[in-house]
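**Student:** entry-v2.pdb (PDB, C-alpha atoms, pLDDT in the B column) pasted underneath:
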ATOM      1  CA  TRP K   1      91.754 128.708  99.556  1.00 59.00           C
ATOM      2  CA  THR K   2      91.022 127.864 103.166  1.00 73.00           C
ATOM      3  CA  VAL K   3      90.879 124.719 105.213  1.00 80.00           C
ATOM      4  CA  ARG K   4      88.926 124.223 108.403  1.00 86.00           C
ATOM      5  CA  ALA K   5      90.091 122.300 111.413  1.00 89.00           C
ATOM      6  CA  HIS K   6      87.521 119.717 112.484  1.00 88.00           C
ATOM      7  CA  SER K   7      86.411 119.883 116.120  1.00 90.00           C
ATOM      8  CA  THR K   8      86.511 116.594 117.986  1.00 92.00           C
ATOM      9  CA  ASP K   9      85.506 115.438 121.452  1.00 92.00           C
ATOM     10  CA  GLN K  10      87.563 112.245 121.200  1.00 91.00           C
ATOM     11  CA  PRO K  11      91.358 112.594 120.902  1.00 91.00           C
ATOM     12  CA  PRO K  12      93.072 110.194 118.513  1.00 93.00           C
ATOM     13  CA  LEU K  13      95.278 107.309 119.498  1.00 94.00           C
ATOM     14  CA  LEU K  14      98.585 108.601 118.131  1.00 94.00           C
ATOM     15  CA  ASP K  15      99.664 105.577 116.135  1.00 95.00           C
ATOM     16  CA  GLY K  16     100.152 107.084 112.672  1.00 94.00           C
ATOM     17  CA  ASN K  17      97.120 105.280 111.218  1.00 94.00           C
ATOM     18  CA  LEU K  18      94.609 108.168 110.927  1.00 95.00           C
ATOM     19  CA  ASP K  19      91.778 105.678 111.371  1.00 94.00           C
ATOM     20  CA  GLU K  20      89.650 107.527 113.945  1.00 95.00           C
ATOM     21  CA  PRO K  21      86.253 108.622 112.568  1.00 93.00           C
ATOM     22  CA  PHE K  22      86.967 112.351 112.891  1.00 92.00           C
ATOM     23  CA  TRP K  23      89.947 112.055 110.495  1.00 94.00           C
ATOM     24  CA  GLN K  24      87.546 110.848 107.795  1.00 91.00           C
ATOM     25  CA  ASN K  25      85.348 113.939 108.356  1.00 88.00           C
ATOM     26  CA  ALA K  26      88.233 116.411 108.584  1.00 90.00           C
ATOM     27  CA  HIS K  27      88.791 118.779 105.684  1.00 87.00           C
ATOM     28  CA  VAL K  28      91.774 117.938 103.498  1.00 91.00           C
ATOM     29  CA  MET K  29      94.617 120.303 102.658  1.00 93.00           C
ATOM     30  CA  GLU K  30      96.230 119.093  99.450  1.00 93.00           C
ATOM     31  CA  LEU K  31      99.788 120.206  98.813  1.00 91.00           C
ATOM     32  CA  SER K  32     100.360 121.006  95.172  1.00 80.00           C
ATOM     33  CA  GLU K  33     103.184 119.396  93.273  1.00 69.00           C
ATOM     34  CA  LEU K  34     105.422 122.086  91.777  1.00 57.00           C
ATOM     35  CA  ASP K  35     107.136 119.682  89.409  1.00 49.00           C
ATOM     36  CA  ALA K  36     104.270 117.468  88.277  1.00 45.00           C
ATOM     37  CA  PRO K  37     105.378 114.496  86.189  1.00 44.00           C
ATOM     38  CA  ARG K  38     105.031 114.994  82.451  1.00 42.00           C
ATOM     39  CA  SER K  39     104.746 112.615  79.538  1.00 39.00           C
ATOM     40  CA  ASP K  40     107.012 112.813  76.486  1.00 44.00           C
ATOM     41  CA  SER K  41     104.505 115.184  74.893  1.00 44.00           C
ATOM     42  CA  GLY K  42     104.757 117.552  77.878  1.00 46.00           C
ATOM     43  CA  GLN K  43     101.299 116.808  79.269  1.00 45.00           C
ATOM     44  CA  THR K  44     100.902 116.168  82.991  1.00 47.00           C
ATOM     45  CA  VAL K  45     100.457 112.492  83.744  1.00 42.00           C
ATOM     46  CA  ALA K  46      97.388 112.752  85.990  1.00 44.00           C
ATOM     47  CA  ALA K  47      97.487 109.279  87.515  1.00 43.00           C
ATOM     48  CA  GLN K  48     101.161 109.549  88.389  1.00 44.00           C
ATOM     49  CA  ALA K  49     100.725 113.074  89.719  1.00 46.00           C
ATOM     50  CA  GLU K  50      97.836 111.934  91.927  1.00 49.00           C
ATOM     51  CA  ARG K  51     100.132 109.418  93.620  1.00 55.00           C
ATOM     52  CA  THR K  52     102.650 112.156  94.415  1.00 72.00           C
ATOM     53  CA  LYS K  53     100.285 114.443  96.314  1.00 90.00           C
ATOM     54  CA  THR K  54     100.702 115.023 100.016  1.00 95.00           C
ATOM     55  CA  TYR K  55      97.580 115.510 102.133  1.00 95.00           C
ATOM     56  CA  LEU K  56      97.088 117.086 105.553  1.00 96.00           C
ATOM     57  CA  ARG K  57      94.047 116.955 107.782  1.00 96.00           C
ATOM     58  CA  TRP K  58      93.457 119.318 110.704  1.00 95.00           C
ATOM     59  CA  ALA K  59      91.444 118.849 113.892  1.00 94.00           C
ATOM     60  CA  PHE K  60      91.349 120.214 117.433  1.00 93.00           C
ATOM     61  CA  ASP K  61      89.836 119.721 120.841  1.00 92.00           C
ATOM     62  CA  GLN K  62      90.036 121.834 124.013  1.00 91.00           C
ATOM     63  CA  GLU K  63      93.731 121.031 124.588  1.00 93.00           C
ATOM     64  CA  TYR K  64      95.395 120.055 121.303  1.00 94.00           C
ATOM     65  CA  LEU K  65      95.715 120.819 117.631  1.00 94.00           C
ATOM     66  CA  TYR K  66      95.890 117.545 115.675  1.00 96.00           C
ATOM     67  CA  ILE K  67      97.471 117.226 112.264  1.00 96.00           C
ATOM     68  CA  GLY K  68      97.382 114.114 110.113  1.00 97.00           C
ATOM     69  CA  ILE K  69      99.848 113.825 107.226  1.00 97.00           C
ATOM     70  CA  VAL K  70      99.786 111.335 104.344  1.00 96.00           C
ATOM     71  CA  ALA K  71     102.809 111.540 102.054  1.00 95.00           C
ATOM     72  CA  PRO K  72     103.635 109.156  99.209  1.00 94.00           C
ATOM     73  CA  ARG K  73     107.045 107.541  99.215  1.00 88.00           C
ATOM     74  CA  THR K  74     109.579 108.695  96.682  1.00 76.00           C
ATOM     75  CA  ASP K  75     112.307 106.267  97.697  1.00 75.00           C
ATOM     76  CA  SER K  76     112.463 102.553  97.038  1.00 72.00           C
ATOM     77  CA  SER K  77     112.651 101.542 100.683  1.00 76.00           C
ATOM     78  CA  PRO K  78     111.416 103.370 103.777  1.00 77.00           C
ATOM     79  CA  PRO K  79     114.085 104.830 106.047  1.00 79.00           C
ATOM     80  CA  PRO K  80     114.194 103.212 109.471  1.00 82.00           C
ATOM     81  CA  LEU K  81     112.280 105.138 112.111  1.00 86.00           C
ATOM     82  CA  VAL K  82     114.463 106.802 114.715  1.00 85.00           C
ATOM     83  CA  GLU K  83     114.616 105.003 118.058  1.00 81.00           C
ATOM     84  CA  SER K  84     114.745 108.139 120.183  1.00 78.00           C
ATOM     85  CA  ARG K  85     113.960 111.642 119.120  1.00 76.00           C
ATOM     86  CA  GLY K  86     115.787 114.765 120.291  1.00 80.00           C
ATOM     87  CA  TYR K  87     114.991 118.409 119.790  1.00 81.00           C
ATOM     88  CA  ASP K  88     115.487 120.344 116.565  1.00 90.00           C
ATOM     89  CA  ALA K  89     116.844 117.722 114.185  1.00 90.00           C
ATOM     90  CA  ASP K  90     118.403 118.883 110.922  1.00 91.00           C
ATOM     91  CA  LEU K  91     115.909 117.723 108.283  1.00 92.00           C
ATOM     92  CA  GLU K  92     117.474 119.395 105.228  1.00 91.00           C
ATOM     93  CA  ALA K  93     118.693 116.131 103.695  1.00 89.00           C
ATOM     94  CA  VAL K  94     115.585 114.026 104.356  1.00 90.00           C
ATOM     95  CA  ASP K  95     111.963 113.864 103.179  1.00 92.00           C
ATOM     96  CA  HIS K  96     109.894 116.037 105.511  1.00 94.00           C
ATOM     97  CA  VAL K  97     106.858 118.285 105.839  1.00 96.00           C
ATOM     98  CA  GLN K  98     107.308 121.813 107.137  1.00 96.00           C
ATOM     99  CA  LEU K  99     104.403 123.655 108.757  1.00 95.00           C
ATOM    100  CA  THR K 100     104.257 127.364 109.520  1.00 94.00           C
ATOM    101  CA  LEU K 101     101.528 128.567 111.882  1.00 94.00           C
ATOM    102  CA  ASP K 102     100.847 132.288 112.305  1.00 93.00           C
ATOM    103  CA  THR K 103      98.188 132.045 114.984  1.00 91.00           C
ATOM    104  CA  ASP K 104      97.685 135.801 115.409  1.00 90.00           C
ATOM    105  CA  ARG K 105      97.929 136.573 111.663  1.00 91.00           C
ATOM    106  CA  ASP K 106     100.377 139.420 112.090  1.00 92.00           C
ATOM    107  CA  TYR K 107     102.465 137.993 109.212  1.00 92.00           C
ATOM    108  CA  CYS K 108     105.628 138.739 111.195  1.00 92.00           C
ATOM    109  CA  THR K 109     105.779 136.040 113.852  1.00 92.00           C
ATOM    110  CA  ALA K 110     105.177 132.357 113.283  1.00 94.00           C
ATOM    111  CA  ILE K 111     105.764 128.895 114.679  1.00 95.00           C
ATOM    112  CA  GLU K 112     107.598 126.418 112.458  1.00 96.00           C
ATOM    113  CA  LEU K 113     107.245 122.680 112.886  1.00 96.00           C
ATOM    114  CA  GLY K 114     108.910 119.972 110.853  1.00 96.00           C
ATOM    115  CA  ILE K 115     108.368 116.211 110.770  1.00 96.00           C
ATOM    116  CA  SER K 116     110.369 113.771 108.687  1.00 94.00           C
ATOM    117  CA  ALA K 117     109.551 110.389 107.189  1.00 93.00           C
ATOM    118  CA  ASP K 118     111.922 108.786 109.704  1.00 93.00           C
ATOM    119  CA  GLY K 119     110.181 110.424 112.695  1.00 94.00           C
ATOM    120  CA  ARG K 120     112.558 113.264 113.531  1.00 94.00           C
ATOM    121  CA  THR K 121     111.209 116.737 114.310  1.00 95.00           C
ATOM    122  CA  TYR K 122     112.159 120.355 114.726  1.00 94.00           C
ATOM    123  CA  ASP K 123     110.314 123.350 116.154  1.00 95.00           C
ATOM    124  CA  ARG K 124     110.990 127.079 116.186  1.00 94.00           C
ATOM    125  CA  CYS K 125     109.150 130.280 116.998  1.00 94.00           C
ATOM    126  CA  CYS K 126     110.308 133.320 115.002  1.00 92.00           C
ATOM    127  CA  GLY K 127     113.536 131.430 114.286  1.00 87.00           C
ATOM    128  CA  TYR K 128     114.197 130.911 117.996  1.00 88.00           C
ATOM    129  CA  VAL K 129     115.458 127.324 118.284  1.00 88.00           C
ATOM    130  CA  GLN K 130     115.062 127.196 122.084  1.00 90.00           C
ATOM    131  CA  TYR K 131     111.276 127.224 121.607  1.00 91.00           C
ATOM    132  CA  ASN K 132     110.101 123.746 122.534  1.00 91.00           C
ATOM    133  CA  PRO K 133     106.324 123.319 122.516  1.00 92.00           C
ATOM    134  CA  LYS K 134     104.808 120.208 123.997  1.00 92.00           C
ATOM    135  CA  TRP K 135     103.887 118.010 121.056  1.00 94.00           C
ATOM    136  CA  HIS K 136     103.554 114.322 120.388  1.00 94.00           C
ATOM    137  CA  VAL K 137     104.347 112.648 117.082  1.00 95.00           C
ATOM    138  CA  SER K 138     103.763 109.199 115.656  1.00 95.00           C
ATOM    139  CA  VAL K 139     105.106 108.271 112.222  1.00 95.00           C
ATOM    140  CA  ARG K 140     104.185 105.088 110.389  1.00 94.00           C
ATOM    141  CA  ALA K 141     106.272 103.894 107.461  1.00 90.00           C
ATOM    142  CA  GLN K 142     104.498 101.917 104.758  1.00 88.00           C
ATOM    143  CA  PRO K 143     105.751 100.686 101.371  1.00 86.00           C
ATOM    144  CA  GLN K 144     103.821 103.274  99.312  1.00 89.00           C
ATOM    145  CA  GLN K 145     103.554 106.166 101.790  1.00 93.00           C
ATOM    146  CA  TRP K 146     104.401 107.474 105.202  1.00 94.00           C
ATOM    147  CA  THR K 147     101.865 108.905 107.608  1.00 96.00           C
ATOM    148  CA  ALA K 148     102.264 111.090 110.661  1.00 96.00           C
ATOM    149  CA  GLU K 149      99.890 111.982 113.448  1.00 97.00           C
ATOM    150  CA  LEU K 150     100.717 115.076 115.501  1.00 96.00           C
ATOM    151  CA  ALA K 151      99.194 116.476 118.683  1.00 96.00           C
ATOM    152  CA  ILE K 152     100.411 119.940 119.707  1.00 95.00           C
ATOM    153  CA  GLU K 153      99.286 121.609 122.924  1.00 95.00           C
ATOM    154  CA  LEU K 154      97.199 124.653 122.009  1.00 93.00           C
ATOM    155  CA  ALA K 155      98.611 126.602 124.974  1.00 92.00           C
ATOM    156  CA  ASP K 156     102.032 126.438 123.271  1.00 93.00           C
ATOM    157  CA  LEU K 157     100.617 127.756 119.986  1.00 92.00           C
ATOM    158  CA  THR K 158      98.189 130.515 120.914  1.00 90.00           C
ATOM    159  CA  CYS K 159      96.698 132.542 123.749  1.00 87.00           C
ATOM    160  CA  GLN K 160      93.245 132.197 122.180  1.00 79.00           C
ATOM    161  CA  THR K 161      90.965 130.157 124.390  1.00 73.00           C
ATOM    162  CA  GLN K 162      88.099 129.736 121.906  1.00 77.00           C
ATOM    163  CA  LEU K 163      89.171 128.340 118.534  1.00 79.00           C
ATOM    164  CA  PRO K 164      85.867 128.017 116.668  1.00 80.00           C
ATOM    165  CA  GLY K 165      85.489 131.027 114.397  1.00 80.00           C
ATOM    166  CA  THR K 166      89.126 132.125 114.592  1.00 85.00           C
ATOM    167  CA  ALA K 167      91.466 132.155 111.612  1.00 89.00           C
ATOM    168  CA  TRP K 168      95.175 131.430 111.429  1.00 91.00           C
ATOM    169  CA  ALA K 169      97.567 131.928 108.564  1.00 91.00           C
ATOM    170  CA  VAL K 170      99.000 128.492 107.806  1.00 93.00           C
ATOM    171  CA  SER K 171     101.386 127.166 105.230  1.00 92.00           C
ATOM    172  CA  ALA K 172     102.647 123.670 104.612  1.00 94.00           C
ATOM    173  CA  ARG K 173     105.195 122.325 102.200  1.00 93.00           C
ATOM    174  CA  ARG K 174     106.904 119.072 101.548  1.00 94.00           C
ATOM    175  CA  GLN K 175     110.662 118.981 101.086  1.00 91.00           C
ATOM    176  CA  GLN K 176     112.077 116.025  99.176  1.00 87.00           C
ATOM    177  CA  PRO K 177     115.786 116.690  98.711  1.00 82.00           C
ATOM    178  CA  ASN K 178     116.602 113.427  96.911  1.00 71.00           C
ATOM    179  CA  LYS K 179     113.638 113.465  94.566  1.00 67.00           C
ATOM    180  CA  ALA K 180     114.586 112.433  91.065  1.00 52.00           C
TER
END
Using structure tokens, write down the structure from this file.
**Tutor:**
Amino acid sequence: WTVRAHSTDQPPLLDGNLDEPFWQNAHVMELSELDAPRSDSGQTVAAQAERTKTYLRWAFDQEYLYIGIVAPRTDSSPPPLVESRGYDADLEAVDHVQLTLDTDRDYCTAIELGISADGRTYDRCCGYVQYNPKWHVSVRAQPQQWTAELAIELADLTCQTQLPGTAWAVSARRQQPNKA
């Protein structure tokens, strides 16, 4: 399947709320749950599975790619948000979303971005950890879910100057190491 990034003339206020009008019009990328909850009879419990889905929305303007993430909580209490964020945090042991962007679709080189529920990030290009694109992140912790709003400078992602009509290879996955 494909997802389209919504074009916007008005950049969002990066507050983790995803309440700007263009977010409501943006196409949704739904991450599938590999281990969907099952009842005693082995049938998927649809209502419970629906609450475990992670959603991403994509948008862009002339300068930035915007990504909105909504991820349900799997822990009983939200982790505290980090006070200050450094480069390339180790997110292996925490709930996070990993994005891979192959902007030229050569299926050899790609940019990896990660954002955790506590607000830490990492970024790499072809595994090169010294790659540090200019991006801005806001994470909002709520009792039932966490949301993230990202703005990544397009110049750090691609040499393409006209995005409408272009296609990227994109993957996204949610890592939940402590999921029961």
**Student:** Provide the CA of Gly68 (chain K) to CA of Cys108 (chain K) distance in Å, to one decimal place.
**Tutor:**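 CA of Cys108 (chain K) lies at a distance of 26.0 Å from CA of Gly68 (chain K).
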**Student:** Record the distance separating CA of Leu14 (chain K) and CA of Leu56 (chain K), expressed in Å with one decimal.
**Tutor:** 15.2 Å
**Student:** Nearest residue to Gln162 (chain K) out of K:Leu91, K:Asp106, K:Ser7, K:Leu113, using only C-alpha atoms?
**Tutor:**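 Comparing K:Leu91, K:Asp106, K:Ser7, K:Leu113 against Gln162 (chain K), the winner is K:Ser7.
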**Student:** Do you know which residues the PyMOL selection byres ((chain K and resi 142) around 10) returns on this file, as a short mmCIF file (atom, residue, chain, number, x, y, z; two decimals) with C-alpha atoms, in the coordinates of the input?
**Tutor:**
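Dumped everything to expr-v1.cif:
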data_model
loop_
_atom_site.label_atom_id
_atom_site.label_comp_id
_atom_site.auth_asym_id
_atom_site.auth_seq_id
_atom_site.Cartn_x
_atom_site.Cartn_y
_atom_site.Cartn_z
CA PRO K 72 103.64 109.16 99.21
CA ARG K 73 107.04 107.54 99.22
CA SER K 77 112.65 101.54 100.68
CA PRO K 78 111.42 103.37 103.78
CA VAL K 139 105.11 108.27 112.22
CA ARG K 140 104.18 105.09 110.39
CA ALA K 141 106.27 103.89 107.46
CA PRO K 143 105.75 100.69 101.37
CA GLN K 144 103.82 103.27 99.31
CA GLN K 145 103.55 106.17 101.79
CA TRP K 146 104.40 107.47 105.20
CA THR K 147 101.86 108.90 107.61
#
**Student:** Name the closest residue to Leu154 (chain K) among the candidates K:Asp61, K:Asp9, K:Asp90, K:Glu20; distances are taken between atoms, counting only C-alpha atoms.
**Tutor:**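 Smallest separation from Leu154 (chain K) among the options: K:Asp61.
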**Student:** Take CA of Phe22 (chain K) and CA of Ala110 (chain K) and report the distance between them in Å, one decimal.
**Tutor:**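 Result for CA of Phe22 (chain K) versus CA of Ala110 (chain K): 27.1 Å, one decimal.
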**Student:** Using the file's own x, y and z axes, so that the box edges lie along x, y and z, what centre and edge lengths in Å (one decimal) does a box around every listed atom of region 72-88 of chain K get when 3 Å is added on each side? Give it as AutoDock Vina command-line options.
**Tutor:**
--center_x 109.7 --center_y 110.9 --center_z 108.5 --size_x 18.2 --size_y 24.8 --size_z 29.6
**Student:** Once the PyMOL selection byres ((chain K and resi 126) around 7) has been applied to the shown file, what residues remain in the selection, as number ranges by chain?
**Tutor:** K: 109-111, 124-125, 127-128
**Student:** Step by step: start from the point (105.4, 119.4, 122.7) in the file's coordinates, keep every protein, DNA or RNA residue that has an atom no farther than 9 Å from it, count only C-alpha atoms, and write the set as an NGL selection string.
**Tutor:** :K and (132-137 or 151-153 or 156)
**Student:** Applying the PyMOL selection byres ((chain K and resi 168) around 9) to the file I just gave you, which residues come out? Please list them as number ranges by chain.
**Tutor:** K: 101-105, 166-167, 169-170
**Student:** Can you tell me which residues surround Thr74 (chain K) at a distance of at most 12 Å, considering only C-alpha atoms, apart from same-chain residues fewer than 2 positions away, and format the answer as a list in words?
**Tutor:**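 Selected residues are Gln48, Arg51, Thr52, Lys53, Thr54, Ala71, Pro72, Ser76, Ser77, Pro78, Pro79, Val94, Asp95, His96, Ala117, Gln142, Pro143, Gln144, Gln145, Trp146, Arg174, Gln175, Gln176, Pro177, Asn178, Lys179 and Ala180 of chain K.
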**Student:** Those residues you just picked out, can you put them in a file as a PDB file, in the frame of the given file with C-alpha atoms?
**Tutor:**
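See out_5.pdb below for the written result:
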ATOM      1  CA  GLN K  48     101.161 109.549  88.389  1.00 44.00           C
ATOM      2  CA  ARG K  51     100.132 109.418  93.620  1.00 55.00           C
ATOM      3  CA  THR K  52     102.650 112.156  94.415  1.00 72.00           C
ATOM      4  CA  LYS K  53     100.285 114.443  96.314  1.00 90.00           C
ATOM      5  CA  THR K  54     100.702 115.023 100.016  1.00 95.00           C
ATOM      6  CA  ALA K  71     102.809 111.540 102.054  1.00 95.00           C
ATOM      7  CA  PRO K  72     103.635 109.156  99.209  1.00 94.00           C
ATOM      8  CA  SER K  76     112.463 102.553  97.038  1.00 72.00           C
ATOM      9  CA  SER K  77     112.651 101.542 100.683  1.00 76.00           C
ATOM     10  CA  PRO K  78     111.416 103.370 103.777  1.00 77.00           C
ATOM     11  CA  PRO K  79     114.085 104.830 106.047  1.00 79.00           C
ATOM     12  CA  VAL K  94     115.585 114.026 104.356  1.00 90.00           C
ATOM     13  CA  ASP K  95     111.963 113.864 103.179  1.00 92.00           C
ATOM     14  CA  HIS K  96     109.894 116.037 105.511  1.00 94.00           C
ATOM     15  CA  ALA K 117     109.551 110.389 107.189  1.00 93.00           C
ATOM     16  CA  GLN K 142     104.498 101.917 104.758  1.00 88.00           C
ATOM     17  CA  PRO K 143     105.751 100.686 101.371  1.00 86.00           C
ATOM     18  CA  GLN K 144     103.821 103.274  99.312  1.00 89.00           C
ATOM     19  CA  GLN K 145     103.554 106.166 101.790  1.00 93.00           C
ATOM     20  CA  TRP K 146     104.401 107.474 105.202  1.00 94.00           C
ATOM     21  CA  ARG K 174     106.904 119.072 101.548  1.00 94.00           C
ATOM     22  CA  GLN K 175     110.662 118.981 101.086  1.00 91.00           C
ATOM     23  CA  GLN K 176     112.077 116.025  99.176  1.00 87.00           C
ATOM     24  CA  PRO K 177     115.786 116.690  98.711  1.00 82.00           C
ATOM     25  CA  ASN K 178     116.602 113.427  96.911  1.00 71.00           C
ATOM     26  CA  LYS K 179     113.638 113.465  94.566  1.00 67.00           C
ATOM     27  CA  ALA K 180     114.586 112.433  91.065  1.00 52.00           C
TER      28      ALA K 180
END
**Student:** N, CA and C atoms are needed for region 120-150 of chain K; please write them out as a PDB file, in the frame of the given file.
**Tutor:**
ATOM      1  N   ARG K 120     111.883 112.161 112.838  1.00 94.00           N
ATOM      2  CA  ARG K 120     112.558 113.264 113.531  1.00 94.00           C
ATOM      3  C   ARG K 120     111.758 114.551 113.383  1.00 94.00           C
ATOM      4  N   THR K 121     111.981 115.497 114.294  1.00 95.00           N
ATOM      5  CA  THR K 121     111.209 116.737 114.310  1.00 95.00           C
ATOM      6  C   THR K 121     112.115 117.938 114.572  1.00 95.00           C
ATOM      7  N   TYR K 122     111.581 119.105 114.250  1.00 94.00           N
ATOM      8  CA  TYR K 122     112.159 120.355 114.726  1.00 94.00           C
ATOM      9  C   TYR K 122     111.019 121.325 115.003  1.00 94.00           C
ATOM     10  N   ASP K 123     111.301 122.316 115.845  1.00 95.00           N
ATOM     11  CA  ASP K 123     110.314 123.350 116.154  1.00 95.00           C
ATOM     12  C   ASP K 123     111.048 124.648 116.449  1.00 95.00           C
ATOM     13  N   ARG K 124     110.438 125.746 115.982  1.00 94.00           N
ATOM     14  CA  ARG K 124     110.990 127.079 116.186  1.00 94.00           C
ATOM     15  C   ARG K 124     109.837 128.072 116.291  1.00 94.00           C
ATOM     16  N   CYS K 125     110.093 129.163 116.976  1.00 94.00           N
ATOM     17  CA  CYS K 125     109.150 130.280 116.998  1.00 94.00           C
ATOM     18  C   CYS K 125     109.950 131.522 116.627  1.00 94.00           C
ATOM     19  N   CYS K 126     109.597 132.135 115.508  1.00 92.00           N
ATOM     20  CA  CYS K 126     110.308 133.320 115.002  1.00 92.00           C
ATOM     21  C   CYS K 126     111.805 133.036 114.843  1.00 92.00           C
ATOM     22  N   GLY K 127     112.142 131.817 114.465  1.00 87.00           N
ATOM     23  CA  GLY K 127     113.536 131.430 114.286  1.00 87.00           C
ATOM     24  C   GLY K 127     114.256 131.058 115.568  1.00 87.00           C
ATOM     25  N   TYR K 128     113.615 131.197 116.687  1.00 88.00           N
ATOM     26  CA  TYR K 128     114.197 130.911 117.996  1.00 88.00           C
ATOM     27  C   TYR K 128     114.195 129.403 118.232  1.00 88.00           C
ATOM     28  N   VAL K 129     115.379 128.785 118.195  1.00 88.00           N
ATOM     29  CA  VAL K 129     115.458 127.324 118.284  1.00 88.00           C
ATOM     30  C   VAL K 129     115.218 126.795 119.697  1.00 88.00           C
ATOM     31  N   GLN K 130     115.301 127.654 120.713  1.00 90.00           N
ATOM     32  CA  GLN K 130     115.062 127.196 122.084  1.00 90.00           C
ATOM     33  C   GLN K 130     113.570 127.012 122.370  1.00 90.00           C
ATOM     34  N   TYR K 131     112.714 127.441 121.462  1.00 91.00           N
ATOM     35  CA  TYR K 131     111.276 127.224 121.607  1.00 91.00           C
ATOM     36  C   TYR K 131     111.012 125.729 121.511  1.00 91.00           C
ATOM     37  N   ASN K 132     110.388 125.177 122.506  1.00 91.00           N
ATOM     38  CA  ASN K 132     110.101 123.746 122.534  1.00 91.00           C
ATOM     39  C   ASN K 132     108.675 123.517 123.024  1.00 91.00           C
ATOM     40  N   PRO K 133     107.703 123.565 122.100  1.00 92.00           N
ATOM     41  CA  PRO K 133     106.324 123.319 122.516  1.00 92.00           C
ATOM     42  C   PRO K 133     106.146 121.857 122.919  1.00 92.00           C
ATOM     43  N   LYS K 134     105.113 121.595 123.654  1.00 92.00           N
ATOM     44  CA  LYS K 134     104.808 120.208 123.997  1.00 92.00           C
ATOM     45  C   LYS K 134     103.994 119.624 122.849  1.00 92.00           C
ATOM     46  N   TRP K 135     104.611 118.667 122.131  1.00 94.00           N
ATOM     47  CA  TRP K 135     103.887 118.010 121.056  1.00 94.00           C
ATOM     48  C   TRP K 135     104.298 116.556 120.987  1.00 94.00           C
ATOM     49  N   HIS K 136     103.383 115.766 120.467  1.00 94.00           N
ATOM     50  CA  HIS K 136     103.554 114.322 120.388  1.00 94.00           C
ATOM     51  C   HIS K 136     103.427 113.932 118.919  1.00 94.00           C
ATOM     52  N   VAL K 137     104.284 113.016 118.496  1.00 95.00           N
ATOM     53  CA  VAL K 137     104.347 112.648 117.082  1.00 95.00           C
ATOM     54  C   VAL K 137     104.426 111.136 116.949  1.00 95.00           C
ATOM     55  N   SER K 138     103.656 110.605 116.009  1.00 95.00           N
ATOM     56  CA  SER K 138     103.763 109.199 115.656  1.00 95.00           C
ATOM     57  C   SER K 138     103.860 109.110 114.135  1.00 95.00           C
ATOM     58  N   VAL K 139     104.904 108.454 113.661  1.00 95.00           N
ATOM     59  CA  VAL K 139     105.106 108.271 112.222  1.00 95.00           C
ATOM     60  C   VAL K 139     105.007 106.789 111.916  1.00 95.00           C
ATOM     61  N   ARG K 140     104.346 106.479 110.825  1.00 94.00           N
ATOM     62  CA  ARG K 140     104.185 105.088 110.389  1.00 94.00           C
ATOM     63  C   ARG K 140     104.706 104.971 108.966  1.00 94.00           C
ATOM     64  N   ALA K 141     105.692 104.120 108.783  1.00 90.00           N
ATOM     65  CA  ALA K 141     106.272 103.894 107.461  1.00 90.00           C
ATOM     66  C   ALA K 141     105.565 102.729 106.790  1.00 90.00           C
ATOM     67  N   GLN K 142     105.147 102.947 105.559  1.00 88.00           N
ATOM     68  CA  GLN K 142     104.498 101.917 104.758  1.00 88.00           C
ATOM     69  C   GLN K 142     105.220 101.862 103.413  1.00 88.00           C
ATOM     70  N   PRO K 143     105.035 100.794 102.650  1.00 86.00           N
ATOM     71  CA  PRO K 143     105.751 100.686 101.371  1.00 86.00           C
ATOM     72  C   PRO K 143     105.445 101.811 100.379  1.00 86.00           C
ATOM     73  N   GLN K 144     104.200 102.257 100.297  1.00 89.00           N
ATOM     74  CA  GLN K 144     103.821 103.274  99.312  1.00 89.00           C
ATOM     75  C   GLN K 144     103.757 104.693  99.869  1.00 89.00           C
ATOM     76  N   GLN K 145     103.711 104.841 101.198  1.00 93.00           N
ATOM     77  CA  GLN K 145     103.554 106.166 101.790  1.00 93.00           C
ATOM     78  C   GLN K 145     104.040 106.161 103.228  1.00 93.00           C
ATOM     79  N   TRP K 146     104.186 107.347 103.769  1.00 94.00           N
ATOM     80  CA  TRP K 146     104.401 107.474 105.202  1.00 94.00           C
ATOM     81  C   TRP K 146     103.314 108.392 105.746  1.00 94.00           C
ATOM     82  N   THR K 147     102.893 108.105 106.968  1.00 96.00           N
ATOM     83  CA  THR K 147     101.865 108.905 107.608  1.00 96.00           C
ATOM     84  C   THR K 147     102.400 109.405 108.949  1.00 96.00           C
ATOM     85  N   ALA K 148     101.887 110.539 109.368  1.00 96.00           N
ATOM     86  CA  ALA K 148     102.264 111.090 110.661  1.00 96.00           C
ATOM     87  C   ALA K 148     101.015 111.631 111.334  1.00 96.00           C
ATOM     88  N   GLU K 149     100.972 111.458 112.624  1.00 97.00           N
ATOM     89  CA  GLU K 149      99.890 111.982 113.448  1.00 97.00           C
ATOM     90  C   GLU K 149     100.543 112.862 114.513  1.00 97.00           C
ATOM     91  N   LEU K 150     100.131 114.125 114.575  1.00 96.00           N
ATOM     92  CA  LEU K 150     100.717 115.076 115.501  1.00 96.00           C
ATOM     93  C   LEU K 150      99.656 115.607 116.443  1.00 96.00           C
TER      94      LEU K 150
END
